[in-house]
Each structure stands twice: as structure tokens, then as C-alpha cells.
2 protein chains.
Amino acid sequence: MQEITGLELSPKKVEYLKFLFKKGDLVRTTDISTELNVDPSTSTKTINDLSGSGYVDHVPYRGVRLTEKGRAYAEFFVNRHNILSLMLSHYGLSAEDACSEVSRFEAFVSKNAIDTICGAMGHPTVSVCGKIKHISCVSR
Amino acid sequence: MQEITGLELSPKKVEYLKFLFKKGDLVRTTDISTELNVDPSTSTKTINDLSGSGYVDHVPYRGVRLTEKGRAYAEFFVNRHNILSLMLSHYGLSAEDACSEVSRFEAFVSKNAIDTICGAMGHPTVSVCGKIKHISCVSR
DNA sequence: AATTTATTTGTATATATACCAACAAAGAAT
DNA sequence: ATTCTTTGTTGGTATATATACAAATAAATT
């Protein structure tokens, strides 16, 4: 498995993986389109992209699920979101504001930066948005 | 002058304004292309865009300068960069890492968030990247 | 089997970015 | 001042991302 830099995927694709991770198992492309407010054809196409680069397996007309690689990335993406939200909440942003602010820029924050921030925080396990796991977080 | 949300311009356009602000006066499109590592044709086109939306004045074959509006935005962009860099440096990132990390995502952080963070920091005047001014920073 | 629903494919649009080649203007040199 | 050189601009083309509508197709339901 290659190194995660954190900058591999566009903001939208990060959303897709986080949603698939949250749902856990086989997910229908229509569920994705509902959740992310896009046309079903859009989610199918994006899923095809993600499938082509190995993040998901897609059985047409059946559903989508994360690959091993996709799961690892999704897990990082969720942690990244939570760590950044926690950070912003330390500077006076409400949970909701922190969360929505982070959603806009999280795709552009590297794994290196997240590992460093996470270490400086003492590897917290709870954020304002959800729990934080530390599977892949290198101690710094 | 309309309210600044901070989300008006793309990352590249933010770079353009920050560079123009740094240079101060009339700037040649070629200087921009050199600084931002883009083709001269690219900088000319982008400047035309920025001119169309009122951020710069462009006299073809002569140069570019910020409008009043452009200057106000650029000033905010520089402050935003510095405040975010300072924030990341609080979590163990070096000045260079903080600065380059922030460069990637700063365009997606709202003025509201920056004002809040800035207030929580006690309106610092110095960052790891440069000085911070507080002209337009609403106290929170 | 027929109909309805879900999904995919094909085509199309919009934004942002950027390169190259062709052209125009400005400044310098004769 | 007319040419030469440098600088700057425009037009054409291309990529990546994200999106949607309409048509086609597969699956599920009656």
C-alpha cells in the first residue's frame, strides 16, 4: 500500500469516500446522489473514476463498496476532518462552524501536517464532530 | 464596498492579488508570470478576469495595479495567510511547513472564521510569515 | 410478461487552468 | 525615424473537475 499524502483526491471525491466509510457496507449510487445532492448520473460517473483508481469496487446496478485502499484513505479523511475541526474549535469556532469551515478546505491539508497537529494535541480521541482513531497516525 | 466573505476568489487569483499587494505599484504581467510560474499568456488572461471583476486596473502593454477594492481584498488575503500560518505553528509546524500548508488551503477559509481565530489569539501583530494588520478585523 | 423503478451511458455545459503559436506594441539602436 | 528586439497580448487548443439532462438499459415488482 502506497503512502498517503492526503492530497490525492479532490474535495468532492473525499466526500464520497467519507460517506461510503460512514455507511460501511454496500452502498447504492442513488444513496450517494441523495446524500451529496447531485444527479444520480453524476454519482455513477464519479464512482467510476474512484473505481478506476482503486478506491472502490463498483458492481453496476448493485452498489459500491470501499476497497482496502479506499477504506484506509476514508479513515484518514474522517480523522483529518475531526482533527481540523477540533483545532478550529480551540480558536472559538462553534462545532457547526468549525465543521462546515473544515469541510471546505480539508482536502488540501496534508497527512504530514495532520500527524504533526495530532501529536501536538496529544492524540485526542474525541473531536467536536466525532471520534478520532489513531491507526495510521505516526507519533511526532 | 461590499462585504468580504473571503471565498470570492480561486486559490490562484488570491496569489495574484497577494503578489500585486506585495509589489505595491504598477506590475508587469511578465513579472507575475515569473513569480507564479505560469505562462505569460496565462497571467494576462487571469489579469483580464480580475480586471473584469474590478480587483485590478490593467493598461495593456503597460501593467497592472490593484483597485481600491483589490487592495482591500489583498490586505485581507495576506492577513488570512499570516493568521493561519501562525495557528499551524502553534501545533508544531515549522514556519516553512505552516506557510506552504496554508498556501494550499487558505482560499477556502472564510473571513468570519479568520476574524474569530484572530480574536481568540488576541489580535497578534506578528506571524511566522510576516506582520499582521487589523484594519478590517471585527473584534469578537 | 408488463410495468415501474433504479441505474448507467452519451452528450453537453461551465469553470479554472495552462500551453503554444501568432501577432501587436514599446523601447532601443542605428 | 525606421528597423530590430524585447515584451506583452490574443486566439486556439487542451486538461481536469464537476455537473446535468435525456435516452437506454437493467432490475424489481406486480
# chains A, B, ... in the order shown; residues from 1 in each chain; ligands from 1

$ select_by_dssp --residues "chain A" --states "strand (DSSP E or B)" --output "PyMOL selection string"
chain A and resi 27+56-59+63-66+126+131

$ closest_atom_pairs --of "chain D" --to "chain B" --cutoff "9 Å" --atoms "only C-alpha atoms (C1' of nucleotides)" --output "JSON lines"
{"residue": "D:DT7", "atom": "C1'", "partner": "B:Tyr61", "partner_atom": "CA", "distance": 7.9}
{"residue": "D:DG8", "atom": "C1'", "partner": "B:Tyr61", "partner_atom": "CA", "distance": 5.3}
{"residue": "D:DT9", "atom": "C1'", "partner": "B:Ser41", "partner_atom": "CA", "distance": 7.2}
{"residue": "D:DT10", "atom": "C1'", "partner": "B:Ser41", "partner_atom": "CA", "distance": 8.5}

$ write_last_selection --atoms "N, CA, C and O atoms (P, O5', C5', C4', C3', O3' and C1' of nucleotides)" --output "short mmCIF file (atom, residue, chain, number, x, y, z; two decimals), in the first residue's frame"
data_model
loop_
_atom_site.label_atom_id
_atom_site.label_comp_id
_atom_site.auth_asym_id
_atom_site.auth_seq_id
_atom_site.Cartn_x
_atom_site.Cartn_y
_atom_site.Cartn_z
P DT D 7 12.81 41.72 -22.23
"O5'" DT D 7 11.25 42.07 -22.28
"C5'" DT D 7 10.85 43.44 -22.37
"C4'" DT D 7 9.36 43.50 -22.65
"C3'" DT D 7 8.54 42.55 -21.78
"O3'" DT D 7 7.65 43.35 -21.04
"C1'" DT D 7 7.87 42.44 -24.07
P DG D 8 6.54 42.77 -20.08
"O5'" DG D 8 5.28 42.68 -21.04
"C5'" DG D 8 4.74 43.86 -21.61
"C4'" DG D 8 3.53 43.50 -22.44
"C3'" DG D 8 2.52 42.62 -21.71
"O3'" DG D 8 1.27 43.28 -21.77
"C1'" DG D 8 3.08 41.69 -23.82
P DT D 9 -0.06 42.60 -21.32
"O5'" DT D 9 -0.62 42.01 -22.69
"C5'" DT D 9 -0.88 42.92 -23.76
"C4'" DT D 9 -1.61 42.20 -24.89
"C3'" DT D 9 -2.85 41.40 -24.47
"O3'" DT D 9 -3.90 41.78 -25.34
"C1'" DT D 9 -1.40 40.04 -25.75
P DT D 10 -5.38 41.33 -25.10
"O5'" DT D 10 -5.66 40.32 -26.32
"C5'" DT D 10 -5.07 40.58 -27.59
"C4'" DT D 10 -5.32 39.40 -28.52
"C3'" DT D 10 -6.58 38.58 -28.23
"O3'" DT D 10 -7.26 38.36 -29.47
"C1'" DT D 10 -4.69 37.17 -28.31
#

$ interface_residues --of "chain A" --to "chain B" --cutoff "9 Å" --atoms "only C-alpha atoms" --output "list in words"
Met87, Leu88, His90, Tyr91, Gly92, Leu93, Asp97, Ala98, Glu101, Val102, Arg104, Phe105, Glu106, Ala107, Phe108, Val109, Ser110, Ala113, Thr116, Ile117, Cys118, Gly119, Ala120 and Met121 of chain A

$ atom_distance --atom1 "CA of Gly54 in chain B" --atom2 "CA of Val38 in chain B"
22.0 Å

$ atom_distance --atom1 "CA of Cys129 in chain A" --atom2 "CA of Phe77 in chain A"
12.7 Å

$ residues_around --residues "range 12-15 of chain C" --least-positions-apart "2" --cutoff "9 Å" --atoms "only C-alpha atoms (C1' of nucleotides)" --output "NGL selection string"
:D and (17-21)

$ write_last_selection --atoms "N, CA and C atoms (P, O5', C5', C4', C3', O3' and C1' of nucleotides)" --output "mmCIF file, in the first residue's frame"
data_model
loop_
_atom_site.group_PDB
_atom_site.id
_atom_site.type_symbol
_atom_site.label_atom_id
_atom_site.label_comp_id
_atom_site.auth_asym_id
_atom_site.auth_seq_id
_atom_site.Cartn_x
_atom_site.Cartn_y
_atom_site.Cartn_z
ATOM 1 P P DT D 17 -8.955 15.614 -11.851
ATOM 2 O "O5'" DT D 17 -10.256 16.477 -11.499
ATOM 3 C "C5'" DT D 17 -10.109 17.750 -10.895
ATOM 4 C "C4'" DT D 17 -11.438 18.424 -10.851
ATOM 5 C "C3'" DT D 17 -12.566 17.516 -10.352
ATOM 6 O "O3'" DT D 17 -13.020 18.028 -9.108
ATOM 7 C "C1'" DT D 17 -13.224 18.803 -12.258
ATOM 8 P P DA D 18 -14.073 17.195 -8.230
ATOM 9 O "O5'" DA D 18 -15.471 17.763 -8.733
ATOM 10 C "C5'" DA D 18 -15.700 19.162 -8.755
ATOM 11 C "C4'" DA D 18 -16.968 19.421 -9.521
ATOM 12 C "C3'" DA D 18 -18.098 18.439 -9.223
ATOM 13 O "O3'" DA D 18 -19.157 19.136 -8.586
ATOM 14 C "C1'" DA D 18 -17.919 18.921 -11.543
ATOM 15 P P DT D 19 -20.410 18.381 -7.988
ATOM 16 O "O5'" DT D 19 -21.453 18.459 -9.189
ATOM 17 C "C5'" DT D 19 -21.878 19.728 -9.642
ATOM 18 C "C4'" DT D 19 -22.492 19.638 -11.010
ATOM 19 C "C3'" DT D 19 -23.622 18.654 -11.162
ATOM 20 O "O3'" DT D 19 -24.814 19.192 -10.628
ATOM 21 C "C1'" DT D 19 -22.293 18.906 -13.155
ATOM 22 P P DA D 20 -26.156 18.391 -10.480
ATOM 23 O "O5'" DA D 20 -26.779 18.433 -11.944
ATOM 24 C "C5'" DA D 20 -26.906 19.681 -12.627
ATOM 25 C "C4'" DA D 20 -27.454 19.416 -14.012
ATOM 26 C "C3'" DA D 20 -28.635 18.451 -14.011
ATOM 27 O "O3'" DA D 20 -29.701 19.020 -14.754
ATOM 28 C "C1'" DA D 20 -26.956 17.714 -15.522
ATOM 29 P P DC D 21 -31.186 18.505 -14.559
ATOM 30 O "O5'" DC D 21 -31.553 18.104 -16.063
ATOM 31 C "C5'" DC D 21 -31.228 18.998 -17.128
ATOM 32 C "C4'" DC D 21 -31.291 18.247 -18.440
ATOM 33 C "C3'" DC D 21 -32.475 17.291 -18.535
ATOM 34 O "O3'" DC D 21 -33.076 17.450 -19.811
ATOM 35 C "C1'" DC D 21 -30.452 16.125 -18.951
#

$ interface_residues --of "chain C" --to "chain B" --cutoff "8 Å" --atoms "only C-alpha atoms (C1' of nucleotides)" --output "PDB file with N, CA, C and O atoms (P, O5', C5', C4', C3', O3' and C1' of nucleotides), in the first residue's frame"
ATOM      1  P    DA C  18      -2.088  27.579 -13.649  1.00  0.00           P
ATOM      2  O5'  DA C  18      -1.783  27.172 -15.152  1.00  0.00           O
ATOM      3  C5'  DA C  18      -1.582  25.800 -15.469  1.00  0.00           C
ATOM      4  C4'  DA C  18      -1.430  25.666 -16.964  1.00  0.00           C
ATOM      5  C3'  DA C  18      -0.447  26.671 -17.561  1.00  0.00           C
ATOM      6  O3'  DA C  18       0.654  25.983 -18.124  1.00  0.00           O
ATOM      7  C1'  DA C  18      -2.388  26.436 -18.892  1.00  0.00           C
ATOM      8  P    DC C  19       2.058  26.693 -18.325  1.00  0.00           P
ATOM      9  O5'  DC C  19       2.410  26.199 -19.804  1.00  0.00           O
ATOM     10  C5'  DC C  19       2.304  24.806 -20.134  1.00  0.00           C
ATOM     11  C4'  DC C  19       1.894  24.686 -21.590  1.00  0.00           C
ATOM     12  C3'  DC C  19       2.754  25.509 -22.539  1.00  0.00           C
ATOM     13  O3'  DC C  19       3.644  24.652 -23.241  1.00  0.00           O
ATOM     14  C1'  DC C  19       0.407  25.723 -23.037  1.00  0.00           C
ATOM     15  P    DA C  25      -1.170  47.417 -31.919  1.00  0.00           P
ATOM     16  O5'  DA C  25      -0.128  47.877 -30.811  1.00  0.00           O
ATOM     17  C5'  DA C  25      -0.371  47.457 -29.464  1.00  0.00           C
ATOM     18  C4'  DA C  25       0.903  47.620 -28.688  1.00  0.00           C
ATOM     19  C3'  DA C  25       1.525  49.011 -28.789  1.00  0.00           C
ATOM     20  O3'  DA C  25       1.538  49.528 -27.476  1.00  0.00           O
ATOM     21  C1'  DA C  25       3.163  47.294 -29.066  1.00  0.00           C
ATOM     22  P    DA C  26       2.060  51.047 -27.147  1.00  0.00           P
ATOM     23  O5'  DA C  26       3.568  50.758 -26.710  1.00  0.00           O
ATOM     24  C5'  DA C  26       3.784  49.638 -25.848  1.00  0.00           C
ATOM     25  C4'  DA C  26       5.204  49.621 -25.318  1.00  0.00           C
ATOM     26  C3'  DA C  26       5.887  50.977 -25.210  1.00  0.00           C
ATOM     27  O3'  DA C  26       6.593  50.973 -23.991  1.00  0.00           O
ATOM     28  C1'  DA C  26       7.091  49.568 -26.731  1.00  0.00           C
TER      29       DA C  26
END

$ select_by_dssp --residues "chain A" --states "helix (DSSP H, G or I)" --output "PyMOL selection string"
chain A and resi 11-23+29-36+40-52+68-89+95-108+111-120

$ atom_distance --atom1 "CA of Val14 in chain A" --atom2 "CA of His58 in chain A"
16.9 Å

$ closest_residue --among "D:DC4, D:DA28, D:DA22, D:DA14" --to "DA6 in chain C" --atoms "only C-alpha atoms (C1' of nucleotides)"
D:DA28

$ residues_around --residues "Ala72 in chain A" --least-positions-apart "3" --cutoff "12 Å" --atoms "only C-alpha atoms (C1' of nucleotides)" --output "list of chain:residue names"
A:Met1, A:Gln2, A:Glu3, A:Ile4, A:Gly6, A:Leu17, A:Lys18, A:Leu20, A:Phe21, A:Gly54, A:Tyr55, A:Val56, A:Leu66, A:Thr67, A:Glu68, A:Lys69, A:Glu75, A:Phe76, A:Phe77, A:Val78, A:Asn79, A:Lys133, A:His134, A:Ile135, A:Ser136, A:Cys137

$ decode --residues "range 23-133 of chain A" --atoms "C-alpha atoms" --output "CSV table (one decimal), in the first residue's frame"
chain,number,residue,atom,x,y,z
A,23,LYS,CA,-22.3,3.7,5.6
A,24,GLY,CA,-19.9,0.8,6.0
A,25,ASP,CA,-21.1,-1.8,3.5
A,26,LEU,CA,-22.5,-1.9,0.0
A,27,VAL,CA,-24.0,1.5,-1.0
A,28,ARG,CA,-26.2,2.3,-3.9
A,29,THR,CA,-25.1,5.1,-6.2
A,30,THR,CA,-28.5,6.7,-5.7
A,31,ASP,CA,-27.9,6.9,-1.9
A,32,ILE,CA,-24.8,8.8,-2.7
A,33,SER,CA,-26.5,11.2,-5.1
A,34,THR,CA,-29.2,11.8,-2.4
A,35,GLU,CA,-26.6,12.4,0.3
A,36,LEU,CA,-24.4,14.6,-1.8
A,37,ASN,CA,-27.1,16.4,-3.6
A,38,VAL,CA,-26.0,15.5,-7.1
A,39,ASP,CA,-27.7,13.8,-10.0
A,40,PRO,CA,-27.6,10.0,-9.9
A,41,SER,CA,-25.6,10.1,-13.2
A,42,THR,CA,-23.1,12.3,-11.5
A,43,SER,CA,-22.5,9.9,-8.7
A,44,THR,CA,-22.2,7.0,-11.0
A,45,LYS,CA,-19.6,8.8,-13.0
A,46,THR,CA,-17.6,9.9,-10.0
A,47,ILE,CA,-17.8,6.3,-8.6
A,48,ASN,CA,-16.4,5.1,-11.9
A,49,ASP,CA,-13.5,7.4,-11.5
A,50,LEU,CA,-12.9,6.2,-8.0
A,51,SER,CA,-13.2,2.7,-9.1
A,52,GLY,CA,-10.6,3.3,-11.9
A,53,SER,CA,-8.1,4.5,-9.4
A,54,GLY,CA,-8.8,1.6,-7.0
A,55,TYR,CA,-10.6,3.3,-4.1
A,56,VAL,CA,-13.9,1.5,-4.6
A,57,ASP,CA,-15.3,-1.6,-6.1
A,58,HIS,CA,-18.4,-1.0,-8.2
A,59,VAL,CA,-20.8,-3.7,-9.4
A,60,PRO,CA,-23.1,-1.9,-11.8
A,61,TYR,CA,-26.8,-1.8,-10.7
A,62,ARG,CA,-25.8,-3.4,-7.4
A,63,GLY,CA,-23.7,-1.0,-5.4
A,64,VAL,CA,-20.4,0.3,-4.3
A,65,ARG,CA,-18.0,-0.5,-1.5
A,66,LEU,CA,-14.6,0.7,-0.4
A,67,THR,CA,-11.6,-1.3,-1.3
A,68,GLU,CA,-8.9,-1.9,1.3
A,69,LYS,CA,-7.1,1.1,-0.1
A,70,GLY,CA,-10.3,3.2,-0.1
A,71,ARG,CA,-11.0,2.3,3.5
A,72,ALA,CA,-7.6,3.4,4.6
A,73,TYR,CA,-8.0,6.7,2.8
A,74,ALA,CA,-11.5,7.2,4.1
A,75,GLU,CA,-10.4,6.6,7.6
A,76,PHE,CA,-7.7,9.2,7.3
A,77,PHE,CA,-10.1,11.6,5.7
A,78,VAL,CA,-12.5,11.3,8.6
A,79,ASN,CA,-9.7,11.7,11.2
A,80,ARG,CA,-8.4,14.7,9.3
A,81,HIS,CA,-11.8,16.3,9.3
A,82,ASN,CA,-12.2,15.7,13.0
A,83,ILE,CA,-8.7,16.9,14.0
A,84,LEU,CA,-9.0,20.1,12.0
A,85,SER,CA,-12.5,20.8,13.4
A,86,LEU,CA,-11.1,20.3,16.9
A,87,MET,CA,-8.3,22.7,16.1
A,88,LEU,CA,-10.7,25.4,14.9
A,89,SER,CA,-12.9,24.9,17.9
A,90,HIS,CA,-9.9,25.8,20.1
A,91,TYR,CA,-10.0,29.2,18.5
A,92,GLY,CA,-13.5,30.0,19.3
A,93,LEU,CA,-15.5,28.5,16.4
A,94,SER,CA,-18.6,26.6,17.3
A,95,ALA,CA,-18.8,22.9,16.5
A,96,GLU,CA,-21.0,23.6,13.5
A,97,ASP,CA,-18.9,26.5,12.2
A,98,ALA,CA,-15.7,24.5,12.6
A,99,CYS,CA,-17.2,21.5,10.9
A,100,SER,CA,-18.5,23.4,7.9
A,101,GLU,CA,-15.4,25.6,7.6
A,102,VAL,CA,-13.2,22.5,7.6
A,103,SER,CA,-15.4,20.8,5.0
A,104,ARG,CA,-14.4,23.5,2.6
A,105,PHE,CA,-10.6,23.1,2.9
A,106,GLU,CA,-9.8,19.8,4.4
A,107,ALA,CA,-8.9,18.2,1.1
A,108,PHE,CA,-5.9,20.5,0.9
A,109,VAL,CA,-4.3,19.6,4.2
A,110,SER,CA,-1.5,17.0,4.0
A,111,LYS,CA,-1.2,13.9,6.2
A,112,ASN,CA,2.1,15.2,7.4
A,113,ALA,CA,0.5,18.3,8.8
A,114,ILE,CA,-2.3,16.3,10.4
A,115,ASP,CA,0.1,13.9,12.1
A,116,THR,CA,2.0,16.9,13.5
A,117,ILE,CA,-1.1,18.7,14.7
A,118,CYS,CA,-2.5,15.5,16.1
A,119,GLY,CA,0.7,14.9,18.0
A,120,ALA,CA,0.8,18.4,19.4
A,121,MET,CA,-2.8,17.9,20.7
A,122,GLY,CA,-1.7,14.7,22.4
A,123,HIS,CA,-3.6,12.4,20.1
A,124,PRO,CA,-7.1,13.3,21.2
A,125,THR,CA,-9.8,10.6,20.8
A,126,VAL,CA,-12.8,12.9,20.6
A,127,SER,CA,-13.5,15.9,18.4
A,128,VAL,CA,-16.4,18.2,18.1
A,129,CYS,CA,-17.5,16.2,15.0
A,130,GLY,CA,-16.9,12.6,16.1
A,131,LYS,CA,-14.4,10.2,17.4
A,132,ILE,CA,-10.7,10.1,16.3
A,133,LYS,CA,-8.8,7.0,15.7
